[in-house]
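final27.cif follows; it contains mmCIF, C-alpha atoms.
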data_protein
loop_
_atom_site.label_atom_id
_atom_site.label_comp_id
_atom_site.auth_asym_id
_atom_site.auth_seq_id
_atom_site.Cartn_x
_atom_site.Cartn_y
_atom_site.Cartn_z
CA MET W 20 -22.04 -0.92 20.00
CA ILE W 21 -21.82 2.30 17.99
CA LYS W 22 -18.46 4.09 18.15
CA ILE W 23 -17.65 7.75 17.61
CA TYR W 24 -14.76 8.46 15.23
CA VAL W 25 -13.31 11.97 15.32
CA VAL W 26 -11.46 12.41 12.01
CA ASP W 27 -8.40 14.66 11.67
CA THR W 28 -7.75 16.83 8.60
CA ASN W 29 -4.70 14.85 7.45
CA ILE W 30 -6.88 11.77 6.97
CA LEU W 31 -9.19 13.60 4.57
CA LEU W 32 -6.34 15.24 2.66
CA GLN W 33 -4.82 11.83 1.93
CA ALA W 34 -8.02 9.79 1.61
CA PRO W 35 -10.95 12.10 0.76
CA TYR W 36 -13.30 9.10 0.70
CA ALA W 37 -12.46 8.26 4.33
CA ILE W 38 -15.76 9.58 5.72
CA GLU W 39 -17.55 6.60 4.13
CA SER W 40 -15.10 4.08 5.63
CA PHE W 41 -16.37 3.79 9.19
CA GLU W 42 -19.32 1.46 8.61
CA ASP W 43 -22.42 2.19 10.73
CA ASN W 44 -20.66 4.35 13.31
CA LEU W 45 -20.81 8.10 14.01
CA VAL W 46 -18.17 10.19 12.21
CA VAL W 47 -17.42 13.59 13.73
CA LEU W 48 -15.65 16.51 12.04
CA PRO W 49 -14.61 19.21 14.52
CA MET W 50 -14.85 22.86 13.49
CA ALA W 51 -11.05 23.01 13.46
CA VAL W 52 -11.00 20.39 10.69
CA LEU W 53 -13.48 22.37 8.60
CA GLU W 54 -11.31 25.47 9.00
CA GLU W 55 -8.20 23.58 7.93
CA LEU W 56 -10.02 22.22 4.86
CA ASP W 57 -10.91 25.81 3.98
CA HIS W 58 -7.23 26.73 4.35
CA PHE W 59 -6.04 23.91 2.08
CA LYS W 60 -8.69 24.24 -0.63
CA LYS W 61 -6.53 26.65 -2.66
CA ALA W 62 -3.35 24.59 -2.32
CA GLU W 63 -1.78 23.24 -5.49
CA GLY W 64 -1.56 19.58 -6.38
CA GLU W 65 -3.23 16.66 -4.69
CA THR W 66 -3.64 18.39 -1.32
CA GLY W 67 -5.81 21.15 -2.74
CA ALA W 68 -7.71 18.77 -5.01
CA ASN W 69 -8.55 16.45 -2.12
CA ALA W 70 -9.59 19.34 0.12
CA ARG W 71 -11.97 20.59 -2.57
CA ARG W 72 -13.30 17.08 -3.12
CA VAL W 73 -14.13 16.73 0.58
CA ILE W 74 -15.74 20.17 0.68
CA ARG W 75 -17.97 19.33 -2.29
CA TYR W 76 -18.98 16.09 -0.61
CA LEU W 77 -19.82 17.91 2.63
CA GLU W 78 -21.96 20.36 0.67
CA GLN W 79 -23.93 17.44 -0.79
CA LEU W 80 -24.54 16.13 2.71
CA ARG W 81 -25.46 19.60 4.00
CA GLN W 82 -28.21 19.79 1.41
CA LYS W 83 -29.65 16.54 2.77
CA GLY W 84 -29.91 17.69 6.37
CA ASP W 85 -28.40 19.48 9.35
CA LEU W 86 -24.74 18.55 9.80
CA LEU W 87 -24.84 19.70 13.42
CA LYS W 88 -27.58 17.16 14.14
CA GLY W 89 -26.15 14.46 11.88
CA VAL W 90 -26.68 13.35 8.30
CA PRO W 91 -26.97 9.67 7.22
CA LEU W 92 -24.14 8.25 5.12
CA ASP W 93 -24.36 5.64 2.37
CA SER W 94 -22.13 3.41 4.49
CA GLY W 95 -24.87 3.18 7.12
CA GLY W 96 -23.19 5.56 9.53
CA THR W 97 -23.83 9.20 10.38
CA LEU W 98 -21.72 12.31 9.85
CA CYS W 99 -21.85 15.14 12.33
CA ALA W 100 -20.02 18.49 12.39
CA GLU W 101 -19.11 19.47 15.93
CA LYS W 102 -18.52 22.93 17.33
CA ASN W 103 -15.72 23.20 19.87
CA PHE W 104 -16.42 22.17 23.44
CA VAL W 105 -15.19 25.52 24.74
CA ASP W 106 -15.87 24.68 28.38
CA VAL W 107 -13.82 21.48 28.38
CA LYS W 108 -10.57 21.94 30.29
CA LEU W 109 -7.28 20.76 28.84
CA PRO W 110 -3.86 20.91 30.54
CA GLU W 111 -2.64 24.50 30.79
CA ASP W 112 0.35 23.88 28.52
CA LEU W 113 -1.96 23.00 25.60
CA SER W 114 -2.78 26.32 23.93
CA ASP W 115 -6.38 27.06 23.01
CA GLY W 116 -5.56 28.33 19.52
CA ALA W 117 -3.81 25.25 18.12
CA ALA W 118 -6.02 23.22 15.79
CA ASP W 119 -4.75 19.91 17.21
CA ASN W 120 -5.69 20.96 20.74
CA ARG W 121 -9.14 22.08 19.61
CA ILE W 122 -9.61 18.59 18.12
CA LEU W 123 -8.50 17.06 21.42
CA ARG W 124 -11.03 19.25 23.24
CA VAL W 125 -13.80 17.88 21.03
CA CYS W 126 -12.67 14.31 21.76
CA ALA W 127 -12.58 15.01 25.49
CA GLY W 128 -15.98 16.70 25.39
CA LEU W 129 -17.59 13.82 23.51
CA SER W 130 -16.06 11.33 25.95
CA GLN W 131 -17.60 13.21 28.87
CA SER W 132 -21.02 13.72 27.30
CA ARG W 133 -21.59 10.43 25.43
CA ASP W 134 -21.64 6.77 26.43
CA GLU W 135 -20.09 5.54 23.18
CA GLN W 136 -16.36 4.96 22.79
CA VAL W 137 -14.63 7.98 21.24
CA ILE W 138 -11.71 7.31 18.88
CA LEU W 139 -9.50 9.99 17.33
CA VAL W 140 -8.36 9.00 13.82
CA THR W 141 -5.19 10.82 12.74
CA LYS W 142 -1.92 10.25 10.95
CA ASP W 143 -0.16 12.71 13.24
CA LEU W 144 1.99 10.60 15.59
CA LEU W 145 2.45 13.41 18.11
CA LEU W 146 -1.28 14.06 18.23
CA ARG W 147 -1.86 10.36 18.93
CA ILE W 148 0.66 10.59 21.77
CA LYS W 149 -1.02 13.68 23.24
CA ALA W 150 -4.38 11.94 22.95
CA GLN W 151 -3.09 8.95 24.89
CA MET W 152 -1.76 11.25 27.61
CA LEU W 153 -5.28 12.65 27.97
CA GLY W 154 -6.85 9.18 28.11
CA ILE W 155 -8.29 9.47 24.58
CA CYS W 156 -8.14 6.46 22.26
CA ALA W 157 -6.31 7.32 19.02
CA GLU W 158 -5.72 5.27 15.86
CA ASP W 159 -4.29 5.56 12.36
CA PHE W 160 -6.58 5.26 9.35
CA THR W 161 -6.21 1.60 8.39
CA THR W 162 -8.47 1.24 5.34
CA ASP W 163 -5.57 1.94 2.95
CA GLN W 164 -3.05 -0.08 4.92
CA VAL W 165 -1.49 -3.25 3.58
CA LEU W 166 0.46 -5.90 5.48
CA GLU W 167 3.62 -5.13 7.42
CA HIS W 168 6.62 -4.75 5.12
CA GLU W 169 8.13 -8.15 5.90
CA ASN W 170 4.81 -9.84 5.06
CA GLN W 171 4.05 -7.94 1.87
CA TYR W 172 3.95 -9.69 -1.48
CA SER W 173 7.47 -9.93 -2.92
CA GLY W 174 6.57 -11.33 -6.33
CA ARG W 175 8.86 -14.33 -5.87
CA CYS W 176 9.18 -17.59 -3.96
CA GLU W 177 11.15 -20.84 -3.75
CA LEU W 178 9.47 -24.17 -4.49
CA TYR W 179 10.40 -27.83 -4.63
CA VAL W 180 9.40 -30.21 -7.41
CA PRO W 181 9.96 -33.97 -7.97
CA GLU W 182 13.20 -34.73 -9.81
CA GLU W 183 11.48 -36.25 -12.84
CA LEU W 184 9.43 -33.09 -13.41
CA PHE W 185 12.44 -30.89 -12.73
CA LYS W 186 14.29 -32.52 -15.64
CA GLU W 187 11.43 -31.74 -18.04
CA PHE W 188 10.88 -28.20 -16.80
CA LYS W 189 12.42 -26.30 -19.72
CA LYS W 190 10.50 -28.33 -22.31
CA LYS W 191 7.11 -28.76 -20.68
CA GLY W 192 6.93 -26.57 -17.61
CA VAL W 193 5.60 -27.78 -14.27
CA PRO W 194 1.98 -27.72 -13.02
CA VAL W 195 1.65 -25.54 -9.94
CA ASP W 196 -0.14 -28.33 -8.07
CA GLN W 197 2.94 -30.53 -8.47
CA THR W 198 5.15 -28.14 -6.52
CA TYR W 199 5.40 -27.74 -2.77
CA VAL W 200 7.05 -25.87 0.07
CA LEU W 201 8.19 -27.15 3.43
CA GLY W 202 5.90 -26.10 6.27
CA GLU W 203 7.04 -25.22 9.77
CA ASP W 204 5.53 -28.48 10.97
CA GLY W 205 7.73 -30.45 8.56
CA GLU W 206 4.82 -31.26 6.24
CA ASN W 207 4.78 -30.45 2.52
CA TYR W 208 1.99 -28.37 1.08
CA VAL W 209 1.08 -26.74 -2.22
CA PRO W 210 1.38 -22.96 -1.93
CA LYS W 211 -1.05 -20.36 -3.25
CA LEU W 212 0.69 -18.66 -6.16
CA GLU W 213 -0.25 -15.47 -7.99
CA GLU W 214 -0.32 -15.01 -11.75
CA ASN W 215 3.12 -13.83 -12.99
CA GLN W 216 4.78 -14.70 -9.70
CA PHE W 217 8.44 -15.60 -10.14
CA VAL W 218 9.77 -18.91 -8.87
CA VAL W 219 13.14 -20.38 -7.96
CA LEU W 220 12.40 -24.04 -8.66
CA LYS W 221 14.45 -26.66 -6.79
CA SER W 222 14.74 -30.40 -7.30
CA ASP W 223 13.56 -32.44 -4.33
CA GLN W 224 16.60 -34.69 -4.86
CA SER W 225 19.13 -31.89 -4.70
CA ALA W 226 18.35 -28.37 -3.55
CA LYS W 227 21.46 -27.17 -5.35
CA LYS W 228 19.74 -27.80 -8.68
CA THR W 229 17.65 -24.73 -9.50
CA GLN W 230 15.64 -23.34 -12.41
CA LEU W 231 14.04 -19.91 -12.77
CA GLY W 232 10.42 -19.65 -13.87
CA ARG W 233 7.18 -17.71 -13.67
CA VAL W 234 3.56 -18.66 -12.99
CA THR W 235 1.14 -18.47 -15.91
CA ASP W 236 -2.27 -20.14 -16.25
CA GLY W 237 -1.63 -22.73 -13.55
CA MET W 238 1.81 -23.67 -14.88
CA ILE W 239 5.33 -22.65 -14.02
CA ARG W 240 7.15 -21.86 -17.27
CA LYS W 241 10.76 -20.99 -18.01
CA LEU W 242 11.69 -17.35 -18.38
CA GLU W 243 11.25 -16.19 -21.97
CA PHE W 244 13.93 -13.51 -21.89
CA ARG W 245 16.60 -15.18 -19.77
CA LYS W 246 19.12 -15.04 -22.64
CA SER W 247 18.42 -11.44 -23.59
CA ALA W 248 20.96 -8.67 -23.02
CA PRO W 249 19.18 -5.37 -23.73
CA TYR W 250 21.65 -2.56 -24.41
CA GLY W 251 24.41 -5.04 -23.59
CA ILE W 252 23.21 -5.48 -20.00
CA SER W 253 23.17 -9.05 -18.66
CA PRO W 254 21.55 -10.16 -15.37
CA ARG W 255 23.92 -11.30 -12.63
CA ASN W 256 21.56 -13.06 -10.23
CA ALA W 257 18.08 -14.53 -9.90
CA GLY W 258 16.45 -11.26 -8.92
CA GLN W 259 17.89 -9.46 -11.93
CA TYR W 260 16.74 -12.24 -14.27
CA PHE W 261 13.24 -11.84 -12.82
CA LEU W 262 13.44 -8.07 -13.19
CA GLN W 263 14.51 -8.36 -16.84
CA GLU W 264 11.61 -10.71 -17.53
CA ALA W 265 9.15 -8.25 -16.01
CA LEU W 266 10.65 -5.18 -17.84
CA ASN W 267 11.52 -6.29 -22.41
CA TYR W 268 7.69 -8.42 -21.68
CA ILE W 269 4.31 -6.85 -22.64
CA ARG W 270 1.39 -9.17 -23.31
CA GLY W 271 0.79 -9.27 -27.05
CA ARG W 272 4.06 -7.54 -27.94
CA SER W 273 7.68 -8.64 -28.13
CA ILE W 274 9.22 -5.22 -28.78
CA VAL W 275 8.82 -2.55 -26.13
CA LYS W 276 9.27 1.03 -27.27
CA THR W 277 7.67 3.15 -24.54
CA TYR W 278 7.86 3.05 -20.75
CA LEU W 279 6.38 5.30 -18.09
CA ILE W 280 8.81 5.04 -15.18
CA ILE W 281 7.73 6.32 -11.77
CA ASP W 282 10.78 6.41 -9.51
CA GLU W 283 10.54 6.87 -5.74
CA ALA W 284 6.98 5.52 -5.97
CA GLN W 285 6.97 4.88 -2.22
CA ASN W 286 6.40 8.62 -1.79
CA THR W 287 3.06 8.54 -3.63
CA THR W 288 -0.31 8.12 -1.96
CA PRO W 289 -2.74 5.32 -2.88
CA ASP W 290 -4.92 7.89 -4.66
CA GLN W 291 -1.99 9.17 -6.72
CA ILE W 292 -0.85 5.72 -7.79
CA LYS W 293 -4.41 4.76 -8.72
CA GLY W 294 -4.66 7.89 -10.87
CA ILE W 295 -1.42 7.04 -12.65
CA ILE W 296 -2.26 3.42 -13.40
CA THR W 297 -5.87 4.01 -14.46
CA ARG W 298 -4.76 6.58 -17.03
CA ALA W 299 -2.54 4.18 -18.96
CA GLY W 300 -3.30 4.09 -22.67
CA LYS W 301 -2.99 1.16 -25.05
CA ASP W 302 0.43 -0.49 -25.07
CA THR W 303 1.63 1.69 -22.21
CA LYS W 304 3.83 0.00 -19.65
CA ILE W 305 4.11 1.56 -16.21
CA ILE W 306 7.17 0.81 -14.10
CA LEU W 307 6.87 1.60 -10.38
CA LEU W 308 10.23 1.75 -8.63
CA GLY W 309 10.86 2.42 -4.97
CA ASP W 310 11.81 1.26 -1.50
CA PRO W 311 9.09 1.31 1.22
CA ASN W 312 11.87 1.70 3.79
CA GLN W 313 12.85 5.10 2.39
CA ILE W 314 9.76 7.29 2.68
CA ASP W 315 10.24 11.05 2.90
CA ARG W 316 6.63 12.21 2.76
CA PRO W 317 4.77 13.05 6.00
CA PHE W 318 1.84 10.80 6.99
CA LEU W 319 2.96 7.93 4.72
CA ASP W 320 4.57 4.75 5.99
CA GLU W 321 5.45 1.24 4.83
CA ARG W 322 1.79 0.18 4.90
CA THR W 323 0.06 3.24 3.44
CA ASN W 324 2.27 4.38 0.54
CA GLY W 325 1.19 4.07 -3.08
CA LEU W 326 3.86 1.54 -4.04
CA SER W 327 2.84 -0.95 -1.36
CA TYR W 328 -0.85 -0.27 -2.07
CA ALA W 329 -0.41 -1.04 -5.78
CA SER W 330 1.63 -4.14 -4.98
CA GLU W 331 -1.05 -5.58 -2.71
CA HIS W 332 -4.04 -4.78 -4.90
CA MET W 333 -2.53 -5.62 -8.32
CA LYS W 334 -0.91 -8.91 -7.38
CA GLY W 335 -2.40 -11.82 -9.28
CA SER W 336 -3.37 -9.75 -12.30
CA PRO W 337 -2.11 -11.22 -15.61
CA LEU W 338 -1.17 -7.65 -16.58
CA CYS W 339 1.02 -7.07 -13.54
CA TRP W 340 4.53 -8.29 -12.76
CA GLN W 341 6.23 -7.71 -9.43
CA ILE W 342 9.61 -8.42 -7.97
CA THR W 343 11.25 -7.44 -4.70
CA MET W 344 15.02 -7.29 -5.02
CA THR W 345 17.22 -8.30 -2.10
CA ALA W 346 20.00 -5.96 -1.02
CA GLN W 347 22.58 -8.40 -2.38
CA GLU W 348 20.94 -8.43 -5.83
CA CYS W 349 21.33 -4.70 -6.32
CA GLU W 350 24.99 -5.37 -7.23
CA ARG W 351 26.35 -1.99 -6.25
CA SER W 352 29.64 -1.79 -4.40
CA ALA W 353 31.22 -3.18 -1.28
CA LEU W 354 30.77 0.24 0.30
CA ALA W 355 27.05 0.30 -0.55
CA MET W 356 26.56 -3.18 0.91
CA GLU W 357 28.42 -2.18 4.07
CA ALA W 358 26.15 0.87 4.41
CA VAL W 359 23.05 -1.32 4.04
CA ARG W 360 24.25 -3.46 6.93
CA ARG W 361 25.41 -0.66 9.20
CA LEU W 362 23.18 2.37 8.59
#
Using the file provided, produce a representation of the structure as structure tokens.
Amino acid sequence: MIKIYVVDTNILLQAPYAIESFEDNLVVLPMAVLEELDHFKKAEGETGANARRVIRYLEQLRQKGDLLKGVPLDSGGTLCAEKNFVDVKLPEDLSDGAADNRILRVCAGLSQSRDEQVILVTKDLLLRIKAQMLGICAEDFTTDQVLEHENQYSGRCELYVPEELFKEFKKKGVPVDQTYVLGEDGENYVPKLEENQFVVLKSDQSAKKTQLGRVTDGMIRKLEFRKSAPYGISPRNAGQYFLQEALNYIRGRSIVKTYLIIDEAQNTTPDQIKGIITRAGKDTKIILLGDPNQIDRPFLDERTNGLSYASEHMKGSPLCWQITMTAQECERSALAMEAVRRL
């Protein structure tokens, strides 16, 4: 059954391509959204650029037909601009002038006049709450979302290997299909590993025996830079050895002279991080640093920020290395560790 998606402005400002993401359903843009796009079109940075991009796209659709009646989209759906349902009554404490309330009025009006399910798509948590109070279904935009934080790719894992292969690991490496993990049902199974994934390899005869390696071309090899100490800095734990391997390595080069370091990358949008990575020149190495648990930017969360987006979509590439550090591996101070536990 066809659904009606009413799209809020904040969706378009973060993901200007969102209109084409609702398959063969009806996408509705209230007049309030068009007015907000007009307001943001002169803004600096990504917000203004995305507003202008959406406006240009709407102009292309306008030339194809009447937006008030609906214009076909390449995705198979239809886009419709909707004037406010001025006669629809909202609770008295919801002012008529607020853009959010005008959007809610459109949702309520469509629900009363159409048989299809009406869904408000917004990143505004309070607007989703108000929608629910009015009996209107509301959702976040999920196209850019990755897995929940605890299930996201960490770039590392622990594997077991037969003792005889463990002994030969440093000389020959270990085939991925000869390793295994213990399943919840007690059975052993070969895991799916990504290219450049880091591994803590354990002997099946003694779990206390460990080796550090990385996945490359179906094999787990020893770390190439485990004995390095760049600028006199030596790793203190497994995570830091993995991090060092991912940072002094560039395919085809052994000496790294230039880095592009993006700190606090969890505060970027997927569009921003895509723009950064796709503009890398020859021999450029991009380092994305950040913590998805420390996001300061409105309308971003652990599943929609640029760092998590890049992690999910770049995993498995032979040109990408990833590692998630544990709190203990950050090696700060006793006070910092206590704050991690308590705050």
- If the PyMOL selection byres ((chain W and resi 304) around 6) is run on the structure shown, which residues does it catch, given as number ranges by chain? W: 278, 303, 305
- What is the atom CA of Gly309 of chain W to atom CA of Leu326 of chain W distance in Å?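 Distance between the two atoms: 7.1 Å.
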- Message: So, with only C-alpha atoms as the atoms that count, which of W:Val25, W:Leu307, W:Ala355, W:Ile314 lies closest to Val140 of chain W?
- Response: W:Val25
- Query: Applied to this file, what does the PyMOL selection byres ((chain W and resi 89-97) around 12) return in terms of residues, put as a ChimeraX atom specification?
  - Reply: /W:21-25,36-48,76-88,98-101
- Message: Give me the residues near Ala34 of chain W as a VMD selection string, where near means some atom within 8 Å (using all atoms listed in the file) and where sequence neighbours in that chain fewer than 3 positions away do not count.
- Response: chain W and resid 30 to 31 37 69 290
- Query: So how many Å separate atom CA of Ile296 of chain W and atom CA of Glu331 of chain W, to one decimal?
  - Reply: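 Computing the Euclidean distance for atom CA of Ile296 of chain W and atom CA of Glu331 of chain W yields 14.0 Å.
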- Just how far from atom CA of Ile342 of chain W is atom CA of Val218 of chain W, in Å to one decimal?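 If I compute the distance from atom CA of Val218 of chain W to atom CA of Ile342 of chain W, I get 10.5 Å.
Minimum atom-to-atom distances from W:Gly258, W:Thr288, W:Glu182, W:Cys339 to Val234 of chain W were compared using only C-alpha atoms, and the lowest value belongs to W:Cys339.
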- Message: Could you list, as a VMD selection string, every residue matched by the PyMOL selection byres ((chain W and resi 217) around 12) in this structure?
- Response: chain W and resid 172 to 178 212 to 216 218 to 220 230 to 235 238 to 242 257 to 265 334 to 335 339 to 344
- Item | Which of W:Asn286, W:Thr277, W:Thr141, W:Asn256 sits closest to Ala346 of chain W [using only C-alpha atoms] |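 When distances to Ala346 of chain W are compared using only C-alpha atoms, the smallest one comes from W:Asn256.
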9 Å contact set for Leu56 of chain W, all atoms listed in the file, chain neighbours under 5 positions out, as a PDB file with C-alpha atoms, in the frame of the given file:
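Final file, part-v8.pdb:
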ATOM      1  CA  THR W  28      -7.750  16.830   8.600  1.00  0.00           C
ATOM      2  CA  LEU W  31      -9.190  13.600   4.570  1.00  0.00           C
ATOM      3  CA  LEU W  32      -6.340  15.240   2.660  1.00  0.00           C
ATOM      4  CA  ALA W  51     -11.050  23.010  13.460  1.00  0.00           C
ATOM      5  CA  GLY W  67      -5.810  21.150  -2.740  1.00  0.00           C
ATOM      6  CA  ALA W  70      -9.590  19.340   0.120  1.00  0.00           C
ATOM      7  CA  ARG W  71     -11.970  20.590  -2.570  1.00  0.00           C
ATOM      8  CA  VAL W  73     -14.130  16.730   0.580  1.00  0.00           C
ATOM      9  CA  ILE W  74     -15.740  20.170   0.680  1.00  0.00           C
TER      10      ILE W  74
END
- Task: Write out as a PyMOL selection string which residues come within 9 Å of Arg316 of chain W when counting all atoms listed in the file, dropping same-chain ones fewer than 4 positions away.
- Result: chain W and resi 285-287+320
- Message: Considering all atoms listed in the file, can you say which of W:Asn207, W:Gln347, W:Gln313, W:Ser336 comes closest to Arg360 of chain W?
- Response: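 Residue with the minimum atom-to-atom distance to Arg360 of chain W: W:Gln347.
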- Among listed residues W:Leu113, W:Val359, W:Phe160, W:Tyr179, nearest Ala226 of chain W (using all atoms listed in the file): W:Tyr179
